[in-house]
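Here is the structure we will look at.
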Amino acid sequence: MLYDKDIREPLFDYLEERFGKVRIIEEKRTGRSRADVVMVLPNLVVGIEIKSDADTYARLKRQVKDYDLFYDRNYVVVGSTHAMHVSEHIPEYWGIISVEEMDEKIDFYMLREAKDNPKREIFNKLSLLWRPELSHIQELNEMAKYKEKSKLFVMEKIIEKVPEIKLHEQISEELFERDYNTIADTIAQFRQENGRGVRKKKTRRRRRRK
């Protein structure tokens with residue numbers, strides 16, 4: 001029986017071999033779910049849900065709805081015990097990759113290629129980016145900075161002003177370049193430069209009893 005921990009590293013090697021230039025992001029918050037794997041391609045962001053032999057379909061319906069809001073395409077990676085029936089639990093445009101262990105080697109098989117997700121919303125996909133990354137997209141497209149505006153406002157302006165094909169490429173590029181080791185400093189610097197420092201919490205002064 002293969003478990004999630006057995007599948008991940010060999011899966012990443014398989015994805016790199018099959019798709020070429022990729023960036024792998026693990027455990028990405030996706031709506032009310034958490035995507036096991038997000039695969040960044042030059043103009044696509046792909047959600048990947050792993051269902052090992054030890055997993056059930058209990059949460060899959062909710063996960064499908066969440067993945068469909070954010071990602072251009074989606075795959076489910078399943079152990080051999082699920083390979084025959086998983087298609088009954090996912091939309092026809094989701095891809096299916098099966099995994100099994102043969103002679104102490106883990107093999108992957110593309111049972112069904114993913115198609116473009118008809119339910120993806122560019123607004124939700126854009127929300128995967130952090131504010132400094134959105135700011136860089138604004139800069140690349142010679143947009144106003146909107147320093148005092150909210151992230152939602154900035155996202156709406158980007159969608160309004162940047163052609164969608166170009167925006168898909170720029171979103172991927174930001175995710176390719178993301179550095180999790182320095183992001184805290186990057187966000188702090190962005191807030192300082194844009195006058196968006198952390199607000200101090202107001203404390204209530206207690207009245208002294210007489």
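Going by the structure tokens order, chains are called A, B, ..., each with residues numbered from 1, while ligands are numbered from 1 in the order shown.
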
| message | For the structure I just gave you, how does DSSP split region 72-184 of chain A - specifically, which residues are strand (DSSP E or B)? Reply as a PyMOL selection string. | response | chain A and resi 73-79+95-102+105-112

Okay, now the selection with N, CA, C and O atoms, as a PDB file, in the first residue's frame?
```
ATOM      1  N   ARG A  73      -6.071  23.950 -14.853  1.00  0.00           N
ATOM      2  CA  ARG A  73      -6.338  22.521 -15.065  1.00  0.00           C
ATOM      3  C   ARG A  73      -6.120  21.806 -13.738  1.00  0.00           C
ATOM      4  O   ARG A  73      -5.437  22.331 -12.857  1.00  0.00           O
ATOM      5  N   ASN A  74      -6.690  20.616 -13.628  1.00  0.00           N
ATOM      6  CA  ASN A  74      -6.564  19.862 -12.388  1.00  0.00           C
ATOM      7  C   ASN A  74      -6.342  18.377 -12.670  1.00  0.00           C
ATOM      8  O   ASN A  74      -6.871  17.835 -13.649  1.00  0.00           O
ATOM      9  N   TYR A  75      -5.571  17.761 -11.790  1.00  0.00           N
ATOM     10  CA  TYR A  75      -5.335  16.317 -11.848  1.00  0.00           C
ATOM     11  C   TYR A  75      -5.617  15.704 -10.483  1.00  0.00           C
ATOM     12  O   TYR A  75      -5.428  16.341  -9.447  1.00  0.00           O
ATOM     13  N   VAL A  76      -6.028  14.444 -10.512  1.00  0.00           N
ATOM     14  CA  VAL A  76      -6.040  13.642  -9.303  1.00  0.00           C
ATOM     15  C   VAL A  76      -5.036  12.514  -9.514  1.00  0.00           C
ATOM     16  O   VAL A  76      -4.996  11.898 -10.579  1.00  0.00           O
ATOM     17  N   VAL A  77      -4.186  12.307  -8.514  1.00  0.00           N
ATOM     18  CA  VAL A  77      -3.198  11.230  -8.550  1.00  0.00           C
ATOM     19  C   VAL A  77      -3.698  10.152  -7.596  1.00  0.00           C
ATOM     20  O   VAL A  77      -3.903  10.423  -6.407  1.00  0.00           O
ATOM     21  N   VAL A  78      -3.904   8.943  -8.110  1.00  0.00           N
ATOM     22  CA  VAL A  78      -4.563   7.911  -7.308  1.00  0.00           C
ATOM     23  C   VAL A  78      -3.741   6.638  -7.237  1.00  0.00           C
ATOM     24  O   VAL A  78      -3.073   6.250  -8.199  1.00  0.00           O
ATOM     25  N   GLY A  79      -3.825   5.984  -6.073  1.00  0.00           N
ATOM     26  CA  GLY A  79      -3.249   4.656  -5.928  1.00  0.00           C
ATOM     27  C   GLY A  79      -4.058   3.656  -6.730  1.00  0.00           C
ATOM     28  O   GLY A  79      -5.189   3.934  -7.164  1.00  0.00           O
ATOM     29  N   GLY A  95      -7.800  15.578 -15.105  1.00  0.00           N
ATOM     30  CA  GLY A  95      -6.917  14.509 -15.521  1.00  0.00           C
ATOM     31  C   GLY A  95      -6.746  13.470 -14.417  1.00  0.00           C
ATOM     32  O   GLY A  95      -7.003  13.752 -13.238  1.00  0.00           O
ATOM     33  N   ILE A  96      -6.320  12.272 -14.807  1.00  0.00           N
ATOM     34  CA  ILE A  96      -6.117  11.183 -13.844  1.00  0.00           C
ATOM     35  C   ILE A  96      -4.733  10.586 -14.059  1.00  0.00           C
ATOM     36  O   ILE A  96      -4.372  10.183 -15.177  1.00  0.00           O
ATOM     37  N   ILE A  97      -3.944  10.534 -12.995  1.00  0.00           N
ATOM     38  CA  ILE A  97      -2.637   9.882 -13.008  1.00  0.00           C
ATOM     39  C   ILE A  97      -2.678   8.767 -11.969  1.00  0.00           C
ATOM     40  O   ILE A  97      -2.998   9.015 -10.806  1.00  0.00           O
ATOM     41  N   SER A  98      -2.387   7.555 -12.386  1.00  0.00           N
ATOM     42  CA  SER A  98      -2.358   6.455 -11.418  1.00  0.00           C
ATOM     43  C   SER A  98      -0.916   6.188 -10.993  1.00  0.00           C
ATOM     44  O   SER A  98       0.035   6.469 -11.731  1.00  0.00           O
ATOM     45  N   VAL A  99      -0.777   5.657  -9.797  1.00  0.00           N
ATOM     46  CA  VAL A  99       0.555   5.352  -9.261  1.00  0.00           C
ATOM     47  C   VAL A  99       0.522   3.968  -8.619  1.00  0.00           C
ATOM     48  O   VAL A  99      -0.442   3.607  -7.941  1.00  0.00           O
ATOM     49  N   GLU A 100       1.548   3.185  -8.887  1.00  0.00           N
ATOM     50  CA  GLU A 100       1.648   1.871  -8.259  1.00  0.00           C
ATOM     51  C   GLU A 100       3.105   1.485  -8.093  1.00  0.00           C
ATOM     52  O   GLU A 100       3.992   2.032  -8.773  1.00  0.00           O
ATOM     53  N   GLU A 101       3.334   0.582  -7.176  1.00  0.00           N
ATOM     54  CA  GLU A 101       4.692   0.128  -6.893  1.00  0.00           C
ATOM     55  C   GLU A 101       4.930  -1.207  -7.576  1.00  0.00           C
ATOM     56  O   GLU A 101       4.180  -2.164  -7.373  1.00  0.00           O
ATOM     57  N   MET A 102       5.970  -1.253  -8.412  1.00  0.00           N
ATOM     58  CA  MET A 102       6.324  -2.481  -9.125  1.00  0.00           C
ATOM     59  C   MET A 102       7.807  -2.759  -8.909  1.00  0.00           C
ATOM     60  O   MET A 102       8.661  -1.915  -9.231  1.00  0.00           O
ATOM     61  N   LYS A 105       9.803  -0.179  -7.246  1.00  0.00           N
ATOM     62  CA  LYS A 105       9.893   1.079  -7.979  1.00  0.00           C
ATOM     63  C   LYS A 105       8.494   1.659  -8.153  1.00  0.00           C
ATOM     64  O   LYS A 105       7.544   0.937  -8.432  1.00  0.00           O
ATOM     65  N   ILE A 106       8.374   2.978  -7.978  1.00  0.00           N
ATOM     66  CA  ILE A 106       7.069   3.628  -8.099  1.00  0.00           C
ATOM     67  C   ILE A 106       6.899   4.147  -9.525  1.00  0.00           C
ATOM     68  O   ILE A 106       7.719   4.932 -10.013  1.00  0.00           O
ATOM     69  N   ASP A 107       5.841   3.684 -10.179  1.00  0.00           N
ATOM     70  CA  ASP A 107       5.563   4.060 -11.562  1.00  0.00           C
ATOM     71  C   ASP A 107       4.275   4.874 -11.654  1.00  0.00           C
ATOM     72  O   ASP A 107       3.315   4.624 -10.901  1.00  0.00           O
ATOM     73  N   PHE A 108       4.261   5.820 -12.589  1.00  0.00           N
ATOM     74  CA  PHE A 108       3.090   6.664 -12.823  1.00  0.00           C
ATOM     75  C   PHE A 108       2.578   6.432 -14.238  1.00  0.00           C
ATOM     76  O   PHE A 108       3.363   6.239 -15.174  1.00  0.00           O
ATOM     77  N   TYR A 109       1.249   6.487 -14.382  1.00  0.00           N
ATOM     78  CA  TYR A 109       0.614   6.293 -15.686  1.00  0.00           C
ATOM     79  C   TYR A 109      -0.430   7.390 -15.904  1.00  0.00           C
ATOM     80  O   TYR A 109      -1.293   7.610 -15.046  1.00  0.00           O
ATOM     81  N   MET A 110      -0.328   8.060 -17.047  1.00  0.00           N
ATOM     82  CA  MET A 110      -1.296   9.091 -17.384  1.00  0.00           C
ATOM     83  C   MET A 110      -2.535   8.409 -17.967  1.00  0.00           C
ATOM     84  O   MET A 110      -2.574   8.036 -19.136  1.00  0.00           O
ATOM     85  N   LEU A 111      -3.542   8.242 -17.123  1.00  0.00           N
ATOM     86  CA  LEU A 111      -4.766   7.591 -17.578  1.00  0.00           C
ATOM     87  C   LEU A 111      -5.653   8.548 -18.365  1.00  0.00           C
ATOM     88  O   LEU A 111      -6.374   8.130 -19.278  1.00  0.00           O
ATOM     89  N   ARG A 112      -5.596   9.832 -18.008  1.00  0.00           N
ATOM     90  CA  ARG A 112      -6.414  10.827 -18.720  1.00  0.00           C
ATOM     91  C   ARG A 112      -5.776  12.199 -18.578  1.00  0.00           C
ATOM     92  O   ARG A 112      -5.498  12.646 -17.480  1.00  0.00           O
TER      93      ARG A 112
END
```

| request: Could you find all residues in region 49-172 of chain A that DSSP calls helix (DSSP H, G or I) from the backbone, and write them as a PyMOL selection string? | output: chain A and resi 60-70+86-88+122-126+131-140+151-161+164-172

| task | For Val22 (chain A), list every protein, DNA or RNA residue within 10 Å, evaluated using only C-alpha atoms, and leave out those in the same chain fewer than 6 positions away; present the list as a PyMOL selection string. | result | chain A and resi 12+15-16+38-42+44-45+172+176

Please, could you write that set of residues out with all heavy atoms as a tab-separated table (two decimals), in the first residue's frame?
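Result file follows (part_16.tsv):
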```tsv
chain	number	residue	atom	x	y	z
A	12	PHE	N	6.98	14.35	-8.15
A	12	PHE	CA	7.61	15.59	-8.62
A	12	PHE	C	8.59	15.30	-9.75
A	12	PHE	O	8.67	16.06	-10.73
A	12	PHE	CB	8.32	16.29	-7.46
A	12	PHE	CG	7.42	16.63	-6.30
A	12	PHE	CD1	7.93	16.82	-5.02
A	12	PHE	CD2	6.04	16.77	-6.49
A	12	PHE	CE1	7.10	17.13	-3.97
A	12	PHE	CE2	5.21	17.08	-5.42
A	12	PHE	CZ	5.74	17.25	-4.17
A	15	LEU	N	6.51	14.67	-12.90
A	15	LEU	CA	5.95	15.90	-13.47
A	15	LEU	C	7.01	16.70	-14.21
A	15	LEU	O	6.75	17.25	-15.28
A	15	LEU	CB	5.32	16.74	-12.35
A	15	LEU	CG	4.11	16.13	-11.65
A	15	LEU	CD1	3.67	17.01	-10.46
A	15	LEU	CD2	2.93	15.94	-12.62
A	16	GLU	N	8.21	16.78	-13.64
A	16	GLU	CA	9.29	17.51	-14.30
A	16	GLU	C	9.68	16.85	-15.61
A	16	GLU	O	9.95	17.51	-16.61
A	16	GLU	CB	10.50	17.60	-13.37
A	16	GLU	CG	10.29	18.55	-12.19
A	16	GLU	CD	11.49	18.59	-11.26
A	16	GLU	OE1	12.48	17.87	-11.54
A	16	GLU	OE2	11.44	19.35	-10.28
A	38	VAL	N	0.57	22.30	-6.15
A	38	VAL	CA	0.29	23.25	-7.22
A	38	VAL	C	1.50	23.23	-8.16
A	38	VAL	O	2.63	23.43	-7.72
A	38	VAL	CB	0.06	24.68	-6.69
A	38	VAL	CG1	-0.08	25.67	-7.85
A	38	VAL	CG2	-1.21	24.71	-5.82
A	39	MET	N	1.24	22.93	-9.43
A	39	MET	CA	2.31	22.87	-10.42
A	39	MET	C	2.21	24.11	-11.31
A	39	MET	O	1.19	24.34	-11.97
A	39	MET	CB	2.20	21.61	-11.27
A	39	MET	CG	3.24	21.52	-12.38
A	39	MET	SD	3.22	19.94	-13.28
A	39	MET	CE	1.58	20.00	-14.06
A	40	VAL	N	3.26	24.90	-11.30
A	40	VAL	CA	3.31	26.11	-12.12
A	40	VAL	C	4.00	25.78	-13.44
A	40	VAL	O	5.12	25.25	-13.46
A	40	VAL	CB	4.06	27.25	-11.40
A	40	VAL	CG1	4.02	28.52	-12.24
A	40	VAL	CG2	3.48	27.49	-10.01
A	41	LEU	N	3.32	26.09	-14.55
A	41	LEU	CA	3.88	25.97	-15.89
A	41	LEU	C	3.99	27.38	-16.47
A	41	LEU	O	3.43	28.33	-15.92
A	41	LEU	CB	2.98	25.09	-16.76
A	41	LEU	CG	2.78	23.64	-16.28
A	41	LEU	CD1	1.76	22.93	-17.15
A	41	LEU	CD2	4.10	22.89	-16.29
A	42	PRO	N	4.69	27.56	-17.59
A	42	PRO	CA	4.90	28.92	-18.12
A	42	PRO	C	3.65	29.75	-18.34
A	42	PRO	O	3.71	30.96	-18.24
A	42	PRO	CB	5.65	28.65	-19.43
A	42	PRO	CG	6.44	27.41	-19.13
A	42	PRO	CD	5.53	26.57	-18.29
A	44	LEU	N	0.31	28.31	-17.26
A	44	LEU	CA	-0.77	27.61	-16.57
A	44	LEU	C	-0.40	27.39	-15.11
A	44	LEU	O	0.77	27.26	-14.77
A	44	LEU	CB	-1.04	26.24	-17.20
A	44	LEU	CG	-1.54	26.17	-18.65
A	44	LEU	CD1	-1.51	24.72	-19.12
A	44	LEU	CD2	-2.94	26.74	-18.78
A	45	VAL	N	-1.44	27.33	-14.27
A	45	VAL	CA	-1.26	26.90	-12.88
A	45	VAL	C	-2.19	25.70	-12.68
A	45	VAL	O	-3.39	25.79	-12.92
A	45	VAL	CB	-1.59	28.03	-11.89
A	45	VAL	CG1	-1.39	27.53	-10.45
A	45	VAL	CG2	-0.71	29.24	-12.14
A	172	SER	N	2.26	33.16	-13.80
A	172	SER	CA	3.20	32.03	-13.72
A	172	SER	C	4.60	32.51	-13.41
A	172	SER	O	5.31	31.92	-12.59
A	172	SER	CB	3.19	31.25	-15.04
A	172	SER	OG	2.01	30.50	-15.19
A	176	PHE	N	7.00	31.40	-10.39
A	176	PHE	CA	8.32	30.81	-10.63
A	176	PHE	C	9.38	31.51	-9.80
A	176	PHE	O	10.31	30.89	-9.29
A	176	PHE	CB	8.70	30.92	-12.11
A	176	PHE	CG	8.20	29.78	-12.97
A	176	PHE	CD1	7.41	30.01	-14.08
A	176	PHE	CD2	8.54	28.46	-12.67
A	176	PHE	CE1	6.96	28.97	-14.87
A	176	PHE	CE2	8.10	27.41	-13.45
A	176	PHE	CZ	7.30	27.66	-14.57
```

What are the closest atom pairs, with distances in Å to one decimal, for all residues of region 68-140 of chain A lying within 12 Å of region 155-166 of chain A? Consider only C-alpha atoms, order rows by chain and residue number, and present the result as a Markdown table.
```
| residue | atom | partner | partner_atom | distance |
| --- | --- | --- | --- | --- |
| A:Glu121 | CA | A:Ile159 | CA | 11.0 |
| A:Ile122 | CA | A:Ile159 | CA | 7.9 |
| A:Phe123 | CA | A:Met155 | CA | 7.1 |
| A:Asn124 | CA | A:Met155 | CA | 9.5 |
| A:Lys125 | CA | A:Met155 | CA | 10.2 |
| A:Leu126 | CA | A:Met155 | CA | 7.0 |
| A:Ser127 | CA | A:Met155 | CA | 7.5 |
| A:Leu128 | CA | A:Met155 | CA | 10.8 |
| A:Leu129 | CA | A:Met155 | CA | 9.8 |
| A:Trp130 | CA | A:Met155 | CA | 10.7 |
| A:Arg131 | CA | A:Met155 | CA | 9.4 |
| A:Glu133 | CA | A:Met155 | CA | 11.1 |
| A:Leu134 | CA | A:Met155 | CA | 7.5 |
| A:Ser135 | CA | A:Ile158 | CA | 9.7 |
| A:His136 | CA | A:Ile158 | CA | 11.0 |
| A:Ile137 | CA | A:Ile158 | CA | 8.0 |
| A:Gln138 | CA | A:Ile158 | CA | 7.0 |
| A:Glu139 | CA | A:Ile158 | CA | 10.6 |
| A:Leu140 | CA | A:Val162 | CA | 10.1 |
```

N, CA and C atoms of the current selection, written as a PDB file, in the first residue's frame:
```
ATOM      1  N   GLU A 121     -11.785  30.985 -12.461  1.00  0.00           N
ATOM      2  CA  GLU A 121     -12.026  32.428 -12.455  1.00  0.00           C
ATOM      3  C   GLU A 121     -10.684  33.139 -12.315  1.00  0.00           C
ATOM      4  N   ILE A 122     -10.372  34.016 -13.267  1.00  0.00           N
ATOM      5  CA  ILE A 122      -9.080  34.691 -13.281  1.00  0.00           C
ATOM      6  C   ILE A 122      -8.870  35.516 -12.010  1.00  0.00           C
ATOM      7  N   PHE A 123      -9.960  36.051 -11.442  1.00  0.00           N
ATOM      8  CA  PHE A 123      -9.842  36.829 -10.212  1.00  0.00           C
ATOM      9  C   PHE A 123      -9.296  35.955  -9.084  1.00  0.00           C
ATOM     10  N   ASN A 124      -9.840  34.742  -8.955  1.00  0.00           N
ATOM     11  CA  ASN A 124      -9.378  33.837  -7.903  1.00  0.00           C
ATOM     12  C   ASN A 124      -7.936  33.403  -8.149  1.00  0.00           C
ATOM     13  N   LYS A 125      -7.627  33.134  -9.407  1.00  0.00           N
ATOM     14  CA  LYS A 125      -6.247  32.742  -9.732  1.00  0.00           C
ATOM     15  C   LYS A 125      -5.267  33.860  -9.381  1.00  0.00           C
ATOM     16  N   LEU A 126      -5.639  35.082  -9.696  1.00  0.00           N
ATOM     17  CA  LEU A 126      -4.776  36.227  -9.390  1.00  0.00           C
ATOM     18  C   LEU A 126      -4.583  36.389  -7.883  1.00  0.00           C
ATOM     19  N   SER A 127      -5.586  35.989  -7.110  1.00  0.00           N
ATOM     20  CA  SER A 127      -5.498  36.119  -5.647  1.00  0.00           C
ATOM     21  C   SER A 127      -4.449  35.196  -5.039  1.00  0.00           C
ATOM     22  N   LEU A 128      -3.932  34.235  -5.814  1.00  0.00           N
ATOM     23  CA  LEU A 128      -2.863  33.372  -5.327  1.00  0.00           C
ATOM     24  C   LEU A 128      -1.577  34.153  -5.095  1.00  0.00           C
ATOM     25  N   LEU A 129      -1.475  35.326  -5.730  1.00  0.00           N
ATOM     26  CA  LEU A 129      -0.266  36.136  -5.603  1.00  0.00           C
ATOM     27  C   LEU A 129      -0.309  37.001  -4.354  1.00  0.00           C
ATOM     28  N   TRP A 130       0.863  37.307  -3.818  1.00  0.00           N
ATOM     29  CA  TRP A 130       0.999  38.233  -2.700  1.00  0.00           C
ATOM     30  C   TRP A 130       1.042  39.661  -3.224  1.00  0.00           C
ATOM     31  N   ARG A 131       0.819  40.596  -2.340  1.00  0.00           N
ATOM     32  CA  ARG A 131       0.722  41.992  -2.765  1.00  0.00           C
ATOM     33  C   ARG A 131       1.996  42.505  -3.479  1.00  0.00           C
ATOM     34  N   GLU A 133       3.939  40.853  -5.336  1.00  0.00           N
ATOM     35  CA  GLU A 133       3.917  40.247  -6.666  1.00  0.00           C
ATOM     36  C   GLU A 133       2.912  40.954  -7.566  1.00  0.00           C
ATOM     37  N   LEU A 134       1.782  41.339  -7.009  1.00  0.00           N
ATOM     38  CA  LEU A 134       0.814  42.141  -7.779  1.00  0.00           C
ATOM     39  C   LEU A 134       1.422  43.479  -8.164  1.00  0.00           C
ATOM     40  N   SER A 135       2.166  44.054  -7.227  1.00  0.00           N
ATOM     41  CA  SER A 135       2.812  45.338  -7.489  1.00  0.00           C
ATOM     42  C   SER A 135       3.790  45.229  -8.651  1.00  0.00           C
ATOM     43  N   HIS A 136       4.496  44.114  -8.727  1.00  0.00           N
ATOM     44  CA  HIS A 136       5.440  43.914  -9.830  1.00  0.00           C
ATOM     45  C   HIS A 136       4.702  43.804 -11.163  1.00  0.00           C
ATOM     46  N   ILE A 137       3.555  43.149 -11.166  1.00  0.00           N
ATOM     47  CA  ILE A 137       2.752  43.072 -12.387  1.00  0.00           C
ATOM     48  C   ILE A 137       2.265  44.465 -12.790  1.00  0.00           C
ATOM     49  N   GLN A 138       1.865  45.276 -11.820  1.00  0.00           N
ATOM     50  CA  GLN A 138       1.488  46.665 -12.114  1.00  0.00           C
ATOM     51  C   GLN A 138       2.645  47.412 -12.776  1.00  0.00           C
ATOM     52  N   GLU A 139       3.837  47.207 -12.227  1.00  0.00           N
ATOM     53  CA  GLU A 139       5.025  47.885 -12.763  1.00  0.00           C
ATOM     54  C   GLU A 139       5.321  47.423 -14.188  1.00  0.00           C
ATOM     55  N   LEU A 140       5.239  46.125 -14.421  1.00  0.00           N
ATOM     56  CA  LEU A 140       5.525  45.585 -15.751  1.00  0.00           C
ATOM     57  C   LEU A 140       4.573  46.147 -16.807  1.00  0.00           C
TER      58      LEU A 140
END
```

| said: Using only C-alpha atoms, can you tell me which of A:Val46, A:Ala58, A:Ala35, A:Val154 comes closest to Arg23 (chain A)? | reply: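 Of the candidates, the smallest distance to Arg23 (chain A) is held by A:Val46.
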
| task | Please identify all polymer residues within 12 Å of Glu88 (chain A), counting only C-alpha atoms, omitting same-chain residues fewer than 6 positions from it, and present them as an MDAnalysis selection string. | result | chainID A and resid 57 60:61 82 94 96

Atoms to include: all heavy atoms. Write the selected residues as a short mmCIF file (atom, residue, chain, number, x, y, z; two decimals), in the first residue's frame.
```cif
data_model
loop_
_atom_site.label_atom_id
_atom_site.label_comp_id
_atom_site.auth_asym_id
_atom_site.auth_seq_id
_atom_site.Cartn_x
_atom_site.Cartn_y
_atom_site.Cartn_z
N TYR A 57 -12.75 9.03 -0.53
CA TYR A 57 -13.30 10.13 -1.34
C TYR A 57 -14.12 11.11 -0.50
O TYR A 57 -14.80 11.97 -1.05
CB TYR A 57 -14.20 9.58 -2.44
CG TYR A 57 -13.48 8.71 -3.45
CD1 TYR A 57 -13.97 7.45 -3.78
CD2 TYR A 57 -12.33 9.16 -4.08
CE1 TYR A 57 -13.33 6.66 -4.71
CE2 TYR A 57 -11.68 8.37 -5.02
CZ TYR A 57 -12.18 7.11 -5.33
OH TYR A 57 -11.54 6.34 -6.26
N LEU A 60 -13.45 14.74 -1.35
CA LEU A 60 -13.12 15.05 -2.75
C LEU A 60 -14.13 15.99 -3.41
O LEU A 60 -13.75 16.87 -4.19
CB LEU A 60 -12.99 13.75 -3.55
CG LEU A 60 -12.48 13.92 -4.99
CD1 LEU A 60 -11.14 14.64 -5.02
CD2 LEU A 60 -12.37 12.55 -5.68
N LYS A 61 -15.41 15.83 -3.11
CA LYS A 61 -16.42 16.70 -3.72
C LYS A 61 -16.15 18.17 -3.38
O LYS A 61 -16.22 19.05 -4.25
CB LYS A 61 -17.81 16.30 -3.23
CG LYS A 61 -18.94 17.07 -3.91
CD LYS A 61 -20.30 16.55 -3.46
CE LYS A 61 -21.42 17.31 -4.15
NZ LYS A 61 -22.76 16.81 -3.71
N HIS A 82 -7.83 2.97 -6.33
CA HIS A 82 -8.82 3.95 -6.76
C HIS A 82 -8.88 4.12 -8.28
O HIS A 82 -9.81 4.76 -8.79
CB HIS A 82 -8.48 5.33 -6.17
CG HIS A 82 -8.57 5.39 -4.68
ND1 HIS A 82 -9.71 5.04 -3.98
CD2 HIS A 82 -7.66 5.78 -3.75
CE1 HIS A 82 -9.49 5.21 -2.68
NE2 HIS A 82 -8.26 5.66 -2.52
N TRP A 94 -11.10 16.85 -15.56
CA TRP A 94 -9.97 16.59 -14.67
C TRP A 94 -9.12 15.46 -15.26
O TRP A 94 -9.65 14.48 -15.80
CB TRP A 94 -10.46 16.17 -13.28
CG TRP A 94 -10.74 17.31 -12.35
CD1 TRP A 94 -11.53 18.38 -12.59
CD2 TRP A 94 -10.23 17.47 -11.03
NE1 TRP A 94 -11.56 19.21 -11.50
CE2 TRP A 94 -10.77 18.67 -10.52
CE3 TRP A 94 -9.38 16.71 -10.22
CZ2 TRP A 94 -10.47 19.14 -9.24
CZ3 TRP A 94 -9.09 17.16 -8.94
CH2 TRP A 94 -9.63 18.37 -8.47
N ILE A 96 -6.32 12.27 -14.81
CA ILE A 96 -6.12 11.18 -13.84
C ILE A 96 -4.73 10.59 -14.06
O ILE A 96 -4.37 10.18 -15.18
CB ILE A 96 -7.17 10.07 -14.01
CG1 ILE A 96 -8.59 10.64 -13.86
CG2 ILE A 96 -6.93 8.95 -13.01
CD1 ILE A 96 -9.68 9.64 -14.18
#
```

| query | Interatomic distance between CA of Asp66 (chain A) and CA of Val37 (chain A)? | reply |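 According to the coordinates, CA of Asp66 (chain A) and CA of Val37 (chain A) are separated by 13.5 Å.
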
| note | Residue with the minimum atom-to-atom distance to Ile187 (chain A), picked from A:Pro132, A:Tyr14, A:Asn117, A:Thr56 with only C-alpha atoms counted, is A:Pro132

| request: Compare A:Tyr146, A:Asp36, A:Phe70, A:Asp6 by their minimum atom-to-atom distance to Ala54 (chain A), counting only C-alpha atoms, and give me the closest one. | output: A:Asp6

| So, counting only C-alpha atoms, which residue among A:Lys149, A:His89, A:Arg32, A:His168 is closest to Tyr71 (chain A)? |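 Distance minimum relative to Tyr71 (chain A) lands on A:His168.
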